[in-house]
Amino acid sequence: MFTGFAAGIHELLNGGYNSMKRKILYISMCLPFDKAFHAGGKTFNYYINSFANDVSNEVTLIAKVLPDEEKYIDTVNKRIKLFTVSAHKSGVKKYLAYAKSINSKFNPLYRYGNTLTYDIYTQIEKRLRKLEIEGYEPDIVILEWTQMLLFIDCVKKNFPRAKYVASEHDVTFLGKERRYRAAKGIWNKTIRGLSYKNMMSRELTAIDGCDLVVTHNQKDKKLLLDHGIDIKKLDVIAPYYEPLKSIIPSESARDIVFYGAMNRLENYSAALWFIDNVMPLLDNIDIRFVVVGNKPPIELQNRKNERVLVTGFVEDVSVYFEQAVCLVAPLFLGAGIKVKILEALTAGLVTLTNDIGIEGIGAVDGRDYIHCNTPDEYSRHIIELKNDIILRKKISGNARKLICQNYDLKKSFINYSNKIYRL
């Protein structure tokens, strides 16, 4: 048996380097895989794999897995030690879990933001305790998404000596505030108001308990600064976006594209708004509205006709970009940077959107994109772009230049990892 210094020499000589590695524990709301269904999942996948592929790191992950993600478990990077938690699918456990989780579904003061259900957080707690009992002790804990950030007190009970990092894909209380402002009816507005104020209090308290907080755009960093968070613990990382090939504007283009995960309220409600309010103003124009994205709801599918195409999931969105006059994003809900806008800009597709759509990107109206709020503004600019290919080429080139200069993923990871390692 070896002890002390001799044990260390023995381990080195026999290739046992694990005890020398930097131990990073991730706790995440989803699984990291290359075909992630949403922008946040793609960003998470990029950064966790970048850490895992650094041989000086030992990465462990506890991930909530949704039913449609289960088939991708075996595709997760083998350098990541993965533990999954998921909802019970059948039998008595399923119904017991549902009964215990009613509070999380309907209580606006629920501590995990009405997303992390009782059965999921108890499974995470058990896994954390088991890791602690087995002698695992991380150097760094990265809490991915606000819901896991709110779990920080529980994690600290098991690993009090670790340094804590929050990856805030968007500041959740901002999105809740927007839903509260848009709510109709006294009861609905009261519930949403309570949920917003509860989230703001809990999110800011959890952030205060972290050693480093990374937002995914400058606007969210400023929002946290405005709410009293110390600038020394704040930084910004670039969200992942697909490096789509540059499109060449076509004189014969006739499509208006809307792009995003269509099972999300902020996306399908915006697409419905455009169909109802803008398309009637384009009746005399040879134009088509193309809605691209997975899981479109039935109310959107029912609007399909010769001038409205709803594609569902597509493997390659650039096929639709190539036939487009522009992309529109008349968003009224949501928070944080919109990766679909980044992807449209990097492809050089002229983008028409509003304050919510362009927030955090740093684009200039009329140079890099076109700012629109009202149906008349959307219709007027669409007609102008359809008839003026020179204008489309000019804005297209500016958009690509903006993204190239400001959203370098490799530089972002180097900066992010250096900040973490210095902790």
# chains A, B, ... in the order shown; residues from 1 in each chain; ligands from 1
>>> closest_atom_pairs(of="region 135-252 of chain A", to="region 357-377 of chain A", cutoff="6 Å", atoms="only C-alpha atoms", output="CSV")
residue,atom,partner,partner_atom,distance
A:Asn217,CA,A:Gly360,CA,5.2
A:Gln218,CA,A:Gly360,CA,5.7
A:Lys219,CA,A:Gly360,CA,4.8
>>> closest_residue(among="A:Ala87, A:Leu327, A:Ile48, A:Met29", to="Lys64 (chain A)", atoms="only C-alpha atoms")
A:Met29
>>> select_by_dssp(residues="region 346-413 of chain A", states="alpha helix (DSSP H)", output="count of residues only")
42
>>> residues_around(residues="Leu391 (chain A)", least_positions_apart="5", cutoff="12 Å", atoms="only C-alpha atoms", output="ChimeraX atom specification")
/A:249,251,325-326,349-350,366-370,381-386,396-398
>>> write_last_selection(atoms="N, CA and C atoms", output="PDB file, in the first residue's frame")
ATOM      1  N   PRO A 249     -29.009  36.832 -52.654  1.00  0.00           N
ATOM      2  CA  PRO A 249     -30.369  37.311 -52.928  1.00  0.00           C
ATOM      3  C   PRO A 249     -30.777  37.072 -54.375  1.00  0.00           C
ATOM      4  N   GLU A 251     -33.533  37.670 -57.519  1.00  0.00           N
ATOM      5  CA  GLU A 251     -34.552  38.606 -57.993  1.00  0.00           C
ATOM      6  C   GLU A 251     -35.929  37.960 -58.026  1.00  0.00           C
ATOM      7  N   VAL A 325     -37.300  36.606 -49.541  1.00  0.00           N
ATOM      8  CA  VAL A 325     -37.074  38.044 -49.618  1.00  0.00           C
ATOM      9  C   VAL A 325     -36.530  38.547 -48.293  1.00  0.00           C
ATOM     10  N   CYS A 326     -37.070  37.981 -47.202  1.00  0.00           N
ATOM     11  CA  CYS A 326     -36.681  38.426 -45.862  1.00  0.00           C
ATOM     12  C   CYS A 326     -37.165  37.423 -44.828  1.00  0.00           C
ATOM     13  N   LEU A 349     -29.638  36.994 -44.553  1.00  0.00           N
ATOM     14  CA  LEU A 349     -31.060  37.153 -44.861  1.00  0.00           C
ATOM     15  C   LEU A 349     -31.574  38.427 -44.193  1.00  0.00           C
ATOM     16  N   VAL A 350     -32.131  39.339 -44.968  1.00  0.00           N
ATOM     17  CA  VAL A 350     -32.628  40.597 -44.417  1.00  0.00           C
ATOM     18  C   VAL A 350     -33.713  40.279 -43.380  1.00  0.00           C
ATOM     19  N   GLY A 366     -31.851  49.786 -40.282  1.00  0.00           N
ATOM     20  CA  GLY A 366     -31.595  50.353 -41.596  1.00  0.00           C
ATOM     21  C   GLY A 366     -30.246  49.992 -42.175  1.00  0.00           C
ATOM     22  N   ARG A 367     -29.324  49.548 -41.325  1.00  0.00           N
ATOM     23  CA  ARG A 367     -28.006  49.121 -41.797  1.00  0.00           C
ATOM     24  C   ARG A 367     -27.878  47.594 -41.767  1.00  0.00           C
ATOM     25  N   ASP A 368     -28.153  47.001 -40.579  1.00  0.00           N
ATOM     26  CA  ASP A 368     -27.981  45.562 -40.404  1.00  0.00           C
ATOM     27  C   ASP A 368     -29.303  44.793 -40.442  1.00  0.00           C
ATOM     28  N   TYR A 369     -30.401  45.473 -40.175  1.00  0.00           N
ATOM     29  CA  TYR A 369     -31.737  44.875 -40.180  1.00  0.00           C
ATOM     30  C   TYR A 369     -32.735  46.011 -40.347  1.00  0.00           C
ATOM     31  N   ILE A 370     -34.034  45.695 -40.387  1.00  0.00           N
ATOM     32  CA  ILE A 370     -35.076  46.721 -40.496  1.00  0.00           C
ATOM     33  C   ILE A 370     -36.028  46.591 -39.309  1.00  0.00           C
ATOM     34  N   HIS A 381     -42.197  47.601 -45.843  1.00  0.00           N
ATOM     35  CA  HIS A 381     -40.786  47.222 -46.044  1.00  0.00           C
ATOM     36  C   HIS A 381     -40.658  45.935 -46.854  1.00  0.00           C
ATOM     37  N   ILE A 382     -41.592  45.011 -46.708  1.00  0.00           N
ATOM     38  CA  ILE A 382     -41.554  43.777 -47.494  1.00  0.00           C
ATOM     39  C   ILE A 382     -41.708  44.095 -48.983  1.00  0.00           C
ATOM     40  N   ILE A 383     -42.643  44.960 -49.305  1.00  0.00           N
ATOM     41  CA  ILE A 383     -42.840  45.363 -50.708  1.00  0.00           C
ATOM     42  C   ILE A 383     -41.587  46.060 -51.245  1.00  0.00           C
ATOM     43  N   GLU A 384     -40.998  46.932 -50.436  1.00  0.00           N
ATOM     44  CA  GLU A 384     -39.779  47.643 -50.838  1.00  0.00           C
ATOM     45  C   GLU A 384     -38.645  46.659 -51.108  1.00  0.00           C
ATOM     46  N   LEU A 385     -38.454  45.689 -50.211  1.00  0.00           N
ATOM     47  CA  LEU A 385     -37.364  44.717 -50.372  1.00  0.00           C
ATOM     48  C   LEU A 385     -37.587  43.823 -51.580  1.00  0.00           C
ATOM     49  N   LYS A 386     -38.828  43.426 -51.806  1.00  0.00           N
ATOM     50  CA  LYS A 386     -39.119  42.565 -52.952  1.00  0.00           C
ATOM     51  C   LYS A 386     -38.770  43.260 -54.263  1.00  0.00           C
ATOM     52  N   SER A 396     -27.861  42.704 -46.476  1.00  0.00           N
ATOM     53  CA  SER A 396     -27.346  41.345 -46.335  1.00  0.00           C
ATOM     54  C   SER A 396     -25.855  41.346 -46.000  1.00  0.00           C
ATOM     55  N   GLY A 397     -25.071  42.122 -46.725  1.00  0.00           N
ATOM     56  CA  GLY A 397     -23.631  42.191 -46.463  1.00  0.00           C
ATOM     57  C   GLY A 397     -23.321  42.779 -45.108  1.00  0.00           C
ATOM     58  N   ASN A 398     -24.046  43.808 -44.714  1.00  0.00           N
ATOM     59  CA  ASN A 398     -23.832  44.416 -43.396  1.00  0.00           C
ATOM     60  C   ASN A 398     -24.155  43.444 -42.265  1.00  0.00           C
TER      61      ASN A 398
END
>>> residues_around(residues="Asn45 (chain A)", least_positions_apart="3", cutoff="9 Å", atoms="only C-alpha atoms", output="number ranges by chain")
A: 31-34, 36, 40-42, 48-50, 240
>>> write_last_selection(atoms="N, CA, C and O atoms", output="tab-separated table (two decimals), in the first residue's frame")
chain	number	residue	atom	x	y	z
A	31	LEU	N	-30.40	17.54	-22.15
A	31	LEU	CA	-29.28	16.70	-22.55
A	31	LEU	C	-28.45	17.42	-23.62
A	31	LEU	O	-29.00	18.11	-24.48
A	32	PRO	N	-27.12	17.26	-23.61
A	32	PRO	CA	-26.31	17.85	-24.68
A	32	PRO	C	-26.15	16.88	-25.85
A	32	PRO	O	-25.56	15.81	-25.71
A	33	PHE	N	-26.68	17.22	-27.01
A	33	PHE	CA	-26.51	16.40	-28.20
A	33	PHE	C	-26.56	17.29	-29.43
A	33	PHE	O	-27.12	18.39	-29.40
A	34	ASP	N	-25.96	16.82	-30.51
A	34	ASP	CA	-25.74	17.68	-31.68
A	34	ASP	C	-27.02	18.15	-32.34
A	34	ASP	O	-27.03	19.20	-32.98
A	36	ALA	N	-29.83	19.10	-30.91
A	36	ALA	CA	-30.70	19.72	-29.90
A	36	ALA	C	-31.83	20.48	-30.57
A	36	ALA	O	-31.64	21.12	-31.61
A	40	GLY	N	-31.11	27.15	-26.94
A	40	GLY	CA	-30.40	27.01	-25.68
A	40	GLY	C	-29.69	25.67	-25.58
A	40	GLY	O	-28.58	25.57	-25.05
A	41	GLY	N	-30.35	24.61	-26.07
A	41	GLY	CA	-29.73	23.29	-26.06
A	41	GLY	C	-28.49	23.22	-26.92
A	41	GLY	O	-27.51	22.55	-26.58
A	42	LYS	N	-28.49	23.93	-28.04
A	42	LYS	CA	-27.33	23.97	-28.91
A	42	LYS	C	-26.16	24.71	-28.25
A	42	LYS	O	-25.00	24.30	-28.35
A	48	ILE	N	-20.39	22.67	-23.13
A	48	ILE	CA	-20.03	21.53	-22.28
A	48	ILE	C	-19.07	20.61	-23.03
A	48	ILE	O	-18.13	20.06	-22.43
A	49	ASN	N	-19.25	20.45	-24.34
A	49	ASN	CA	-18.32	19.62	-25.10
A	49	ASN	C	-16.94	20.26	-25.21
A	49	ASN	O	-15.93	19.56	-25.21
A	50	SER	N	-16.91	21.58	-25.28
A	50	SER	CA	-15.62	22.28	-25.31
A	50	SER	C	-14.86	22.05	-24.00
A	50	SER	O	-13.64	21.83	-24.02
A	240	TYR	N	-24.55	29.85	-29.13
A	240	TYR	CA	-24.22	29.06	-30.31
A	240	TYR	C	-25.23	29.34	-31.42
A	240	TYR	O	-26.42	29.46	-31.18
>>> closest_atom_pairs(of="region 162-253 of chain A", to="region 125-145 of chain A", cutoff="9 Å", atoms="only C-alpha atoms", output="tab-separated table")
residue	atom	partner	partner_atom	distance
A:Ala162	CA	A:Asp139	CA	4.9
A:Lys163	CA	A:Ile140	CA	4.8
A:Tyr164	CA	A:Val141	CA	5.0
A:Val165	CA	A:Ile142	CA	4.7
A:Ala166	CA	A:Leu143	CA	4.9
A:Ser167	CA	A:Glu144	CA	5.0
A:Glu168	CA	A:Trp145	CA	5.4
A:His169	CA	A:Trp145	CA	5.8
A:Asp170	CA	A:Trp145	CA	7.9
A:Thr172	CA	A:Trp145	CA	8.9
>>> closest_residue(among="A:Cys30, A:Leu212, A:Cys404, A:Met200", to="Leu244 (chain A)", atoms="only C-alpha atoms")
A:Cys404
>>> closest_residue(among="A:Leu150, A:Met20, A:Leu116, A:Val171", to="Thr205 (chain A)", atoms="only C-alpha atoms")
A:Leu150
>>> residues_around(residues="Met262 (chain A)", least_positions_apart="4", cutoff="10 Å", atoms="only C-alpha atoms", output="PyMOL selection string")
chain A and resi 258+266-271+291-297+300+310+312-313
>>> write_last_selection(atoms="N, CA and C atoms", output="short mmCIF file (atom, residue, chain, number, x, y, z; two decimals), in the first residue's frame")
data_model
loop_
_atom_site.label_atom_id
_atom_site.label_comp_id
_atom_site.auth_asym_id
_atom_site.auth_seq_id
_atom_site.Cartn_x
_atom_site.Cartn_y
_atom_site.Cartn_z
N PHE A 258 -40.59 32.77 -41.46
CA PHE A 258 -40.60 32.84 -40.00
C PHE A 258 -39.98 31.54 -39.53
N GLU A 266 -44.23 32.09 -27.71
CA GLU A 266 -43.73 33.34 -28.28
C GLU A 266 -43.54 33.26 -29.79
N ASN A 267 -43.28 32.03 -30.29
CA ASN A 267 -43.09 31.87 -31.73
C ASN A 267 -44.40 31.69 -32.48
N TYR A 268 -45.21 30.72 -32.06
CA TYR A 268 -46.42 30.49 -32.86
C TYR A 268 -47.42 31.63 -32.73
N SER A 269 -47.44 32.34 -31.59
CA SER A 269 -48.35 33.49 -31.47
C SER A 269 -47.91 34.61 -32.41
N ALA A 270 -46.59 34.77 -32.58
CA ALA A 270 -46.09 35.79 -33.51
C ALA A 270 -46.42 35.43 -34.96
N ALA A 271 -46.29 34.14 -35.30
CA ALA A 271 -46.63 33.70 -36.66
C ALA A 271 -48.11 33.91 -36.95
N VAL A 291 -43.62 29.26 -42.65
CA VAL A 291 -43.34 29.06 -41.23
C VAL A 291 -42.52 27.79 -41.07
N VAL A 292 -41.26 27.93 -40.64
CA VAL A 292 -40.33 26.81 -40.55
C VAL A 292 -40.02 26.53 -39.08
N GLY A 293 -40.27 25.30 -38.63
CA GLY A 293 -39.95 24.94 -37.24
C GLY A 293 -40.75 23.75 -36.78
N ASN A 294 -40.19 23.03 -35.80
CA ASN A 294 -40.80 21.78 -35.35
C ASN A 294 -42.03 22.00 -34.48
N LYS A 295 -42.90 21.04 -34.49
CA LYS A 295 -44.09 20.95 -33.63
C LYS A 295 -45.03 22.16 -33.73
N PRO A 296 -45.44 22.55 -34.92
CA PRO A 296 -46.42 23.65 -35.02
C PRO A 296 -47.76 23.21 -34.44
N PRO A 297 -48.43 24.05 -33.64
CA PRO A 297 -49.71 23.68 -33.04
C PRO A 297 -50.81 23.61 -34.09
N LEU A 300 -52.08 26.72 -35.89
CA LEU A 300 -51.21 27.23 -36.95
C LEU A 300 -51.34 26.37 -38.20
N VAL A 310 -46.70 25.83 -43.77
CA VAL A 310 -46.21 25.46 -42.45
C VAL A 310 -45.45 24.15 -42.62
N GLY A 312 -43.24 22.35 -40.48
CA GLY A 312 -42.81 21.44 -39.42
C GLY A 312 -41.29 21.39 -39.40
N PHE A 313 -40.74 20.33 -38.79
CA PHE A 313 -39.29 20.22 -38.66
C PHE A 313 -38.63 20.05 -40.02
#
